[in-house]
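Structure file my_file.json (JSON, C-alpha atoms (C1' of nucleotides)) follows.
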[["chain", "number", "residue", "atom", "x", "y", "z"],
["X", 1, "MET", "CA", 50.69, 72.19, 134.67],
["X", 2, "ASP", "CA", 54.11, 71.47, 133.20],
["X", 3, "ILE", "CA", 54.28, 69.59, 129.90],
["X", 4, "ILE", "CA", 57.34, 68.29, 128.05],
["X", 5, "ALA", "CA", 57.38, 66.33, 124.79],
["X", 6, "ASN", "CA", 59.58, 63.26, 124.98],
["X", 7, "GLY", "CA", 59.68, 61.41, 121.66],
["X", 8, "LYS", "CA", 56.19, 60.03, 121.09],
["X", 9, "ASP", "CA", 55.25, 60.56, 124.73],
["X", 10, "ILE", "CA", 54.34, 63.57, 126.82],
["X", 11, "ILE", "CA", 55.75, 64.03, 130.30],
["X", 12, "LEU", "CA", 53.49, 65.93, 132.68],
["X", 13, "HIS", "CA", 54.37, 67.34, 136.07],
["X", 14, "GLN", "CA", 51.18, 67.96, 138.00],
["X", 15, "PRO", "CA", 50.41, 68.19, 141.71],
["X", 16, "ASP", "CA", 47.13, 66.99, 143.27],
["X", 17, "PHE", "CA", 46.79, 64.18, 140.77],
["X", 18, "ASP", "CA", 46.83, 60.41, 141.27],
["X", 19, "LEU", "CA", 45.73, 57.82, 138.74],
["X", 20, "ASP", "CA", 44.31, 55.29, 141.20],
["X", 21, "MET", "CA", 42.35, 57.94, 143.03],
["X", 22, "THR", "CA", 41.02, 59.71, 139.94],
["X", 23, "LEU", "CA", 40.30, 56.74, 137.69],
["X", 24, "ASP", "CA", 39.05, 54.31, 140.32],
["X", 25, "CYS", "CA", 36.89, 56.54, 142.52],
["X", 26, "GLY", "CA", 33.60, 55.65, 140.87],
["X", 27, "GLN", "CA", 33.23, 58.60, 138.49],
["X", 28, "ALA", "CA", 34.41, 56.79, 135.33],
["X", 29, "PHE", "CA", 33.94, 53.12, 134.50],
["X", 30, "ARG", "CA", 36.05, 52.53, 131.43],
["X", 31, "TRP", "CA", 39.65, 52.79, 132.72],
["X", 32, "GLU", "CA", 41.57, 49.55, 133.14],
["X", 33, "ARG", "CA", 44.34, 49.22, 135.71],
["X", 34, "LEU", "CA", 47.17, 47.43, 133.85],
["X", 35, "SER", "CA", 49.52, 47.68, 136.84],
["X", 36, "PRO", "CA", 49.61, 49.69, 140.05],
["X", 37, "VAL", "CA", 50.89, 52.68, 138.07],
["X", 38, "VAL", "CA", 49.56, 52.19, 134.54],
["X", 39, "TYR", "CA", 46.03, 52.75, 133.29],
["X", 40, "THR", "CA", 44.59, 52.39, 129.83],
["X", 41, "GLY", "CA", 41.22, 53.51, 128.62],
["X", 42, "PHE", "CA", 39.17, 55.90, 126.56],
["X", 43, "ALA", "CA", 37.47, 59.22, 126.62],
["X", 44, "GLY", "CA", 34.86, 58.99, 123.92],
["X", 45, "LYS", "CA", 36.62, 57.05, 121.19],
["X", 46, "ARG", "CA", 40.04, 58.53, 122.00],
["X", 47, "PRO", "CA", 42.41, 55.98, 123.57],
["X", 48, "LEU", "CA", 45.09, 56.66, 126.15],
["X", 49, "THR", "CA", 47.66, 54.75, 128.16],
["X", 50, "ILE", "CA", 49.06, 56.72, 131.04],
["X", 51, "GLU", "CA", 51.74, 55.91, 133.58],
["X", 52, "GLN", "CA", 52.37, 57.53, 136.95],
["X", 53, "ARG", "CA", 56.12, 57.71, 137.65],
["X", 54, "ASP", "CA", 55.95, 59.39, 141.07],
["X", 55, "ASP", "CA", 53.72, 61.70, 143.12],
["X", 56, "SER", "CA", 53.58, 64.31, 140.40],
["X", 57, "THR", "CA", 55.09, 62.84, 137.22],
["X", 58, "PHE", "CA", 52.97, 61.28, 134.51],
["X", 59, "VAL", "CA", 53.75, 59.80, 131.11],
["X", 60, "PHE", "CA", 51.06, 60.09, 128.44],
["X", 61, "LYS", "CA", 52.06, 57.30, 126.05],
["X", 62, "ASP", "CA", 52.11, 57.93, 122.31],
["X", 63, "THR", "CA", 50.40, 61.29, 122.69],
["X", 64, "SER", "CA", 50.75, 64.38, 120.50],
["X", 65, "MET", "CA", 50.60, 67.96, 121.77],
["X", 66, "ASP", "CA", 47.19, 68.28, 120.11],
["X", 67, "ASP", "CA", 45.94, 65.20, 121.93],
["X", 68, "MET", "CA", 47.46, 66.53, 125.13],
["X", 69, "ALA", "CA", 45.30, 69.65, 124.95],
["X", 70, "PHE", "CA", 42.29, 67.36, 125.00],
["X", 71, "TRP", "CA", 43.60, 65.32, 127.93],
["X", 72, "ALA", "CA", 44.54, 68.41, 129.92],
["X", 73, "ASP", "CA", 40.93, 69.46, 129.65],
["X", 74, "TYR", "CA", 39.60, 65.95, 130.39],
["X", 75, "PHE", "CA", 41.68, 65.66, 133.57],
["X", 76, "ASP", "CA", 40.81, 69.25, 134.57],
["X", 77, "LEU", "CA", 44.51, 70.04, 134.89],
["X", 78, "GLU", "CA", 44.06, 73.81, 134.92],
["X", 79, "ARG", "CA", 42.03, 73.78, 138.12],
["X", 80, "ASP", "CA", 43.81, 74.38, 141.41],
["X", 81, "TYR", "CA", 42.66, 71.47, 143.54],
["X", 82, "GLY", "CA", 45.25, 72.42, 146.18],
["X", 83, "SER", "CA", 43.39, 75.57, 147.10],
["X", 84, "ILE", "CA", 40.05, 73.76, 147.06],
["X", 85, "LYS", "CA", 41.41, 71.13, 149.47],
["X", 86, "GLU", "CA", 42.78, 73.91, 151.63],
["X", 87, "ARG", "CA", 39.31, 75.43, 151.89],
["X", 88, "PHE", "CA", 37.74, 72.05, 152.65],
["X", 89, "SER", "CA", 40.30, 71.38, 155.38],
["X", 90, "GLU", "CA", 38.58, 73.87, 157.68],
["X", 91, "ASP", "CA", 36.26, 70.95, 158.31],
["X", 92, "GLU", "CA", 37.74, 68.07, 160.30],
["X", 93, "VAL", "CA", 36.08, 65.15, 158.48],
["X", 94, "LEU", "CA", 36.66, 66.67, 155.04],
["X", 95, "SER", "CA", 40.26, 67.37, 155.98],
["X", 96, "ARG", "CA", 40.79, 63.64, 156.55],
["X", 97, "ALA", "CA", 38.95, 62.76, 153.34],
["X", 98, "CYS", "CA", 41.06, 65.23, 151.32],
["X", 99, "LYS", "CA", 44.30, 63.80, 152.73],
["X", 100, "TYR", "CA", 43.17, 60.27, 151.96],
["X", 101, "GLY", "CA", 42.02, 61.05, 148.41],
["X", 102, "HIS", "CA", 44.47, 63.91, 147.78],
["X", 103, "GLY", "CA", 44.93, 63.00, 144.10],
["X", 104, "ILE", "CA", 41.26, 62.96, 143.07],
["X", 105, "ARG", "CA", 40.27, 65.21, 140.19],
["X", 106, "ILE", "CA", 36.80, 65.48, 138.67],
["X", 107, "LEU", "CA", 37.01, 64.29, 135.06],
["X", 108, "LYS", "CA", 35.28, 66.22, 132.29],
["X", 109, "GLN", "CA", 33.50, 63.34, 130.64],
["X", 110, "ASP", "CA", 31.32, 63.05, 127.58],
["X", 111, "ARG", "CA", 27.71, 63.99, 128.40],
["X", 112, "GLU", "CA", 25.94, 61.10, 126.71],
["X", 113, "GLU", "CA", 28.40, 58.57, 128.07],
["X", 114, "THR", "CA", 28.02, 59.96, 131.58],
["X", 115, "LEU", "CA", 24.24, 59.94, 131.38],
["X", 116, "LEU", "CA", 24.00, 56.38, 130.04],
["X", 117, "SER", "CA", 26.68, 55.13, 132.44],
["X", 118, "PHE", "CA", 24.93, 56.46, 135.50],
["X", 119, "ILE", "CA", 21.58, 55.09, 134.33],
["X", 120, "ILE", "CA", 23.35, 51.73, 134.42],
["X", 121, "SER", "CA", 24.79, 52.54, 137.86],
["X", 122, "GLN", "CA", 21.48, 52.58, 139.71],
["X", 123, "ASN", "CA", 21.00, 49.94, 142.42],
["X", 124, "ASN", "CA", 24.22, 48.36, 141.16],
["X", 125, "ASN", "CA", 27.80, 47.91, 142.34],
["X", 126, "ILE", "CA", 30.86, 49.39, 140.70],
["X", 127, "PRO", "CA", 32.43, 46.15, 139.40],
["X", 128, "ARG", "CA", 29.17, 45.16, 137.72],
["X", 129, "ILE", "CA", 28.63, 48.67, 136.33],
["X", 130, "LYS", "CA", 32.03, 48.35, 134.67],
["X", 131, "LEU", "CA", 31.15, 44.90, 133.36],
["X", 132, "ILE", "CA", 27.87, 46.04, 131.78],
["X", 133, "ILE", "CA", 29.56, 49.06, 130.20],
["X", 134, "SER", "CA", 32.37, 46.90, 128.84],
["X", 135, "ARG", "CA", 29.76, 44.62, 127.25],
["X", 136, "LEU", "CA", 28.05, 47.67, 125.74],
["X", 137, "CYS", "CA", 31.38, 48.82, 124.28],
["X", 138, "ALA", "CA", 32.11, 45.31, 122.98],
["X", 139, "LEU", "CA", 28.73, 45.31, 121.25],
["X", 140, "TYR", "CA", 29.32, 48.60, 119.44],
["X", 141, "GLY", "CA", 33.14, 48.76, 119.20],
["X", 142, "GLY", "CA", 33.60, 51.55, 121.72],
["X", 143, "PHE", "CA", 31.15, 53.49, 123.82],
["X", 144, "PRO", "CA", 28.31, 54.22, 121.39],
["X", 145, "THR", "CA", 26.55, 57.52, 120.94],
["X", 146, "ALA", "CA", 22.79, 57.60, 121.29],
["X", 147, "CYS", "CA", 22.68, 58.07, 117.53],
["X", 148, "GLU", "CA", 24.64, 54.88, 116.96],
["X", 149, "MET", "CA", 22.16, 53.05, 119.19],
["X", 150, "ARG", "CA", 19.10, 54.50, 117.46],
["X", 151, "ASP", "CA", 17.92, 51.09, 116.22],
["X", 152, "ALA", "CA", 18.55, 49.25, 119.48],
["X", 153, "ASP", "CA", 15.75, 47.36, 121.22],
["X", 154, "GLU", "CA", 15.45, 44.98, 124.17],
["X", 155, "ASP", "CA", 16.90, 42.12, 122.13],
["X", 156, "THR", "CA", 19.85, 44.18, 120.91],
["X", 157, "LEU", "CA", 20.82, 45.11, 124.43],
["X", 158, "ALA", "CA", 20.04, 41.72, 126.01],
["X", 159, "PRO", "CA", 23.74, 40.69, 126.00],
["X", 160, "LEU", "CA", 24.49, 43.53, 128.43],
["X", 161, "LYS", "CA", 22.52, 41.73, 131.16],
["X", 162, "ALA", "CA", 21.60, 45.16, 132.47],
["X", 163, "GLY", "CA", 18.33, 43.85, 133.88],
["X", 164, "PHE", "CA", 15.54, 46.35, 134.47],
["X", 165, "ARG", "CA", 17.87, 49.18, 133.40],
["X", 166, "THR", "CA", 17.65, 48.19, 129.73],
["X", 167, "ARG", "CA", 14.30, 49.91, 129.18],
["X", 168, "TYR", "CA", 15.69, 53.02, 130.87],
["X", 169, "LEU", "CA", 18.62, 53.05, 128.44],
["X", 170, "LEU", "CA", 16.20, 52.66, 125.55],
["X", 171, "ASP", "CA", 14.04, 55.56, 126.73],
["X", 172, "CYS", "CA", 17.14, 57.74, 127.08],
["X", 173, "ILE", "CA", 18.36, 56.83, 123.59],
["X", 174, "ARG", "CA", 14.92, 57.41, 122.08],
["X", 175, "ARG", "CA", 14.53, 60.80, 123.73],
["X", 176, "ILE", "CA", 17.95, 62.02, 122.61],
["X", 177, "ASN", "CA", 17.39, 60.88, 119.04],
["X", 178, "SER", "CA", 13.91, 62.37, 118.85],
["X", 179, "GLY", "CA", 15.13, 65.68, 120.23],
["X", 180, "GLU", "CA", 12.83, 65.48, 123.25],
["X", 181, "THR", "CA", 16.00, 65.62, 125.33],
["X", 182, "GLU", "CA", 18.58, 68.12, 124.10],
["X", 183, "LEU", "CA", 21.87, 67.97, 125.97],
["X", 184, "ASP", "CA", 23.11, 71.18, 124.32],
["X", 185, "ALA", "CA", 20.07, 73.02, 125.64],
["X", 186, "ILE", "CA", 20.45, 71.43, 129.06],
["X", 187, "SER", "CA", 24.06, 72.60, 129.22],
["X", 188, "LEU", "CA", 22.77, 76.20, 129.12],
["X", 189, "MET", "CA", 20.28, 75.78, 131.96],
["X", 190, "ASP", "CA", 20.85, 76.43, 135.62],
["X", 191, "SER", "CA", 21.60, 73.20, 137.46],
["X", 192, "GLU", "CA", 18.18, 72.88, 139.03],
["X", 193, "SER", "CA", 16.34, 73.21, 135.69],
["X", 194, "ALA", "CA", 18.92, 70.95, 134.03],
["X", 195, "ALA", "CA", 18.31, 68.22, 136.61],
["X", 196, "LYS", "CA", 14.56, 68.56, 136.17],
["X", 197, "GLU", "CA", 14.92, 68.21, 132.42],
["X", 198, "LEU", "CA", 17.18, 65.14, 132.73],
["X", 199, "MET", "CA", 14.68, 63.56, 135.11],
["X", 200, "LYS", "CA", 12.10, 63.44, 132.32],
["X", 201, "ILE", "CA", 14.04, 60.41, 131.10],
["X", 202, "LYS", "CA", 12.75, 57.13, 132.55],
["X", 203, "GLY", "CA", 15.28, 55.78, 135.01],
["X", 204, "VAL", "CA", 16.84, 59.17, 135.71],
["X", 205, "GLY", "CA", 16.11, 60.40, 139.21],
["X", 206, "ALA", "CA", 17.81, 62.98, 141.39],
["X", 207, "LYS", "CA", 20.97, 60.93, 141.92],
["X", 208, "VAL", "CA", 21.61, 59.98, 138.28],
["X", 209, "ALA", "CA", 20.82, 63.55, 137.19],
["X", 210, "ALA", "CA", 23.28, 64.90, 139.76],
["X", 211, "CYS", "CA", 26.06, 62.54, 138.66],
["X", 212, "THR", "CA", 25.43, 63.46, 135.03],
["X", 213, "LEU", "CA", 25.64, 67.17, 135.82],
["X", 214, "LEU", "CA", 28.75, 66.80, 138.00],
["X", 215, "PHE", "CA", 30.78, 64.46, 135.78],
["X", 216, "GLY", "CA", 29.37, 65.30, 132.36],
["X", 217, "PHE", "CA", 28.47, 68.98, 132.61],
["X", 218, "GLN", "CA", 31.14, 70.17, 135.08],
["X", 219, "ARG", "CA", 28.56, 71.39, 137.57],
["X", 220, "LEU", "CA", 30.95, 71.19, 140.51],
["X", 221, "GLU", "CA", 28.35, 72.55, 142.91],
["X", 222, "VAL", "CA", 26.00, 69.62, 142.33],
["X", 223, "CYS", "CA", 26.24, 66.98, 145.05],
["X", 224, "PRO", "CA", 24.98, 63.48, 144.18],
["X", 225, "VAL", "CA", 23.60, 61.67, 147.22],
["X", 226, "ASP", "CA", 23.88, 57.89, 147.00],
["X", 227, "VAL", "CA", 23.65, 55.29, 149.79],
["X", 228, "TRP", "CA", 27.21, 56.03, 150.97],
["X", 229, "ILE", "CA", 26.92, 59.80, 150.95],
["X", 230, "ARG", "CA", 23.55, 59.50, 152.68],
["X", 231, "ARG", "CA", 25.26, 57.61, 155.51],
["X", 232, "VAL", "CA", 28.07, 60.19, 155.68],
["X", 233, "LEU", "CA", 25.55, 63.04, 155.83],
["X", 234, "GLU", "CA", 23.52, 61.32, 158.54],
["X", 235, "LYS", "CA", 26.55, 60.53, 160.67],
["X", 236, "CYS", "CA", 28.77, 63.60, 160.15],
["X", 237, "TYR", "CA", 26.66, 66.37, 158.61],
["X", 238, "PRO", "CA", 23.07, 66.17, 159.86],
["X", 239, "ASN", "CA", 22.68, 69.86, 158.96],
["X", 240, "GLY", "CA", 24.24, 69.54, 155.51],
["X", 241, "LEU", "CA", 27.75, 70.08, 154.16],
["X", 242, "PRO", "CA", 29.72, 72.91, 155.84],
["X", 243, "PRO", "CA", 29.97, 76.42, 154.30],
["X", 244, "CYS", "CA", 33.60, 75.83, 153.20],
["X", 245, "THR", "CA", 32.25, 73.54, 150.46],
["X", 246, "LYS", "CA", 30.18, 76.31, 148.85],
["X", 247, "ASP", "CA", 30.18, 76.13, 145.03],
["X", 248, "PHE", "CA", 32.16, 72.86, 145.16],
["X", 249, "GLU", "CA", 29.82, 70.48, 146.99],
["X", 250, "GLY", "CA", 30.24, 67.97, 144.17],
["X", 251, "ILE", "CA", 34.01, 67.84, 144.65],
["X", 252, "ALA", "CA", 33.61, 67.58, 148.43],
["X", 253, "GLN", "CA", 31.16, 64.76, 147.85],
["X", 254, "GLN", "CA", 33.74, 62.89, 145.77],
["X", 255, "TYR", "CA", 36.45, 63.10, 148.45],
["X", 256, "LEU", "CA", 33.92, 61.86, 151.01],
["X", 257, "PHE", "CA", 32.68, 59.07, 148.74],
["X", 258, "TYR", "CA", 36.22, 57.83, 148.09],
["X", 259, "TYR", "CA", 37.15, 58.00, 151.76],
["X", 260, "PHE", "CA", 34.05, 56.36, 153.25],
["X", 261, "ARG", "CA", 33.01, 53.85, 150.57],
["X", 262, "GLY", "CA", 33.36, 50.41, 152.08],
["X", 263, "ARG", "CA", 34.17, 51.68, 155.58],
["X", 264, "ASP", "CA", 31.07, 50.37, 157.32],
["X", 265, "GLU", "CA", 32.68, 50.59, 160.74],
["X", 266, "GLU", "CA", 33.10, 54.36, 160.44],
["X", 267, "LEU", "CA", 29.52, 54.95, 159.41],
["X", 268, "THR", "CA", 27.54, 52.69, 161.72],
["X", 269, "PRO", "CA", 26.70, 54.44, 165.00],
["B", 1, "DT", "C1'", 20.02, 31.44, 151.75],
["B", 2, "DT", "C1'", 19.89, 36.12, 152.29],
["B", 3, "DC", "C1'", 21.59, 40.63, 151.68],
["B", 4, "DC", "C1'", 23.35, 44.35, 149.08],
["B", 5, "DA", "C1'", 24.86, 47.46, 145.25],
["B", 6, "DG", "C1'", 26.95, 55.39, 143.18],
["B", 7, "DG", "C1'", 18.05, 54.33, 142.61],
["B", 8, "DC", "C1'", 13.94, 54.76, 140.50],
["B", 9, "DG", "C1'", 8.94, 53.90, 139.08],
["B", 10, "DT", "C1'", 4.65, 52.94, 140.83],
["B", 11, "DA", "C1'", 0.95, 52.18, 144.07],
["B", 12, "DT", "C1'", -1.09, 53.71, 148.15],
["B", 13, "DC", "C1'", -2.13, 56.66, 151.78],
["U", 1, "DG", "C1'", 3.95, 64.78, 149.67],
["U", 2, "DA", "C1'", 5.49, 60.97, 152.06],
["U", 3, "DT", "C1'", 6.37, 56.08, 152.46],
["U", 4, "DA", "C1'", 6.67, 51.00, 150.94],
["U", 5, "DC", "C1'", 7.78, 47.82, 147.71],
["U", 6, "DG", "C1'", 9.41, 45.52, 143.44],
["U", 7, "DC", "C1'", 12.93, 45.34, 140.23],
["U", 8, "DA", "C1'", 17.49, 42.01, 137.11],
["U", 9, "DT", "C1'", 21.81, 40.48, 138.12],
["U", 10, "DG", "C1'", 25.65, 38.58, 140.51],
["U", 11, "DG", "C1'", 29.06, 38.68, 144.30],
["U", 12, "DA", "C1'", 29.72, 38.25, 149.34]]

structure tokens encoding of this file:
Amino acid sequence: MDIIANGKDIILHQPDFDLDMTLDCGQAFRWERLSPVVYTGFAGKRPLTIEQRDDSTFVFKDTSMDDMAFWADYFDLERDYGSIKERFSEDEVLSRACKYGHGIRILKQDREETLLSFIISQNNNIPRIKLIISRLCALYGGFPTACEMRDADEDTLAPLKAGFRTRYLLDCIRRINSGETELDAISLMDSESAAKELMKIKGVGAKVAACTLLFGFQRLEVCPVDVWIRRVLEKCYPNGLPPCTKDFEGIAQQYLFYYFRGRDEELTP
DNA sequence: TTCCAGGCGTATC
DNA sequence: GATACGCATGGA
């Protein structure tokens, strides 16, 4: 990581990082692509506009050094994805996926936002997930905390058009506010117990729990299995992911998801 | 019109 | 414990 202040902006030189790949690979739903090289969005209530100048040069617009410390953490800039990709490349399919999505990084997102977002994601497509979340943010003026939604009911959330997921959101909000679900406590559990605890929330099954742990709790060993990854596993890894993914199955999963999503012809026998 | 989407709850066996 | 089916919504 190489950071230089430049007036109100920060210039970052960083390998293994690409905005399109990281912000549009289905892990975060609140980044808007203003142009092929400029994204704007939020982490929590903190705004950012970021521009990619070339393979490894990024401009964080109107960003202080203090803010930059936050963003460096959010974008997981300290982690050496190069060495992780090198390990993964022992495997032929993963090698291709890593080349294709070479600039993917796993974001360190807010826990509540990740949990609520992936409750919305179930049996849904990415454009509509983004739409529902944007309507939620419009309703509350930014992505709301569970506390801010404590008085919400079916009618409050009707404008989201989230369908059957609305009552799942409400159960999640209720449980967090009542203390039945404690994200701080969950963050201290091993991943298996944490998933089990998250799954006490209506609408949270194995997949949503796994996404929450991977993207919201930095459990990089947790591998969410959705319809796409299920197809990849059936076609390429009938005996499970290879040993070179150990401890980072979640990251491997994300390279595979980005590479195979939408490629029906590569996944149908 | 029918099928599908970063699934899950419920009924049934 | 495994499997089958319904579920809101909207784009293809």

So, with all atoms listed in the file as the atoms that count, which of X:Val204, X:Leu188, X:Val232, X:Leu169 lies closest to chain B?
X:Val204

Please list as JSON, numbers by chain every residue within 9 Å of B:DG6, counting all atoms listed in the file and excluding residues in the same chain fewer than 3 positions away.
{"X": [26, 27, 118, 121, 122, 123, 124, 125, 126, 207, 208, 211, 224, 225, 226, 227, 228, 229, 257]}

Contacts from chain B to chain X, 8 Å maximum, all atoms listed in the file: show me the residue list as number ranges by chain.
B: 5-9

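Applying a distance limit of 8 Å to all atoms listed in the file, the residues of chain X near chain U read Arg128, Lys161, Ala162, Gly163 and Phe164 of chain X.
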
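Separating atom CA of X:Asp18 from atom CA of X:Gly103 is a distance of 4.3 Å.
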
Could you jot down the atom CA of X:Ala5 to atom CA of X:Ser64 separation for me, Å, one decimal place?
8.1 Å

For atom CA of X:Gly7 and atom CA of X:Asp55, determine how far apart the two atoms are, in Å to one decimal place.
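A separation of 22.3 Å between them.
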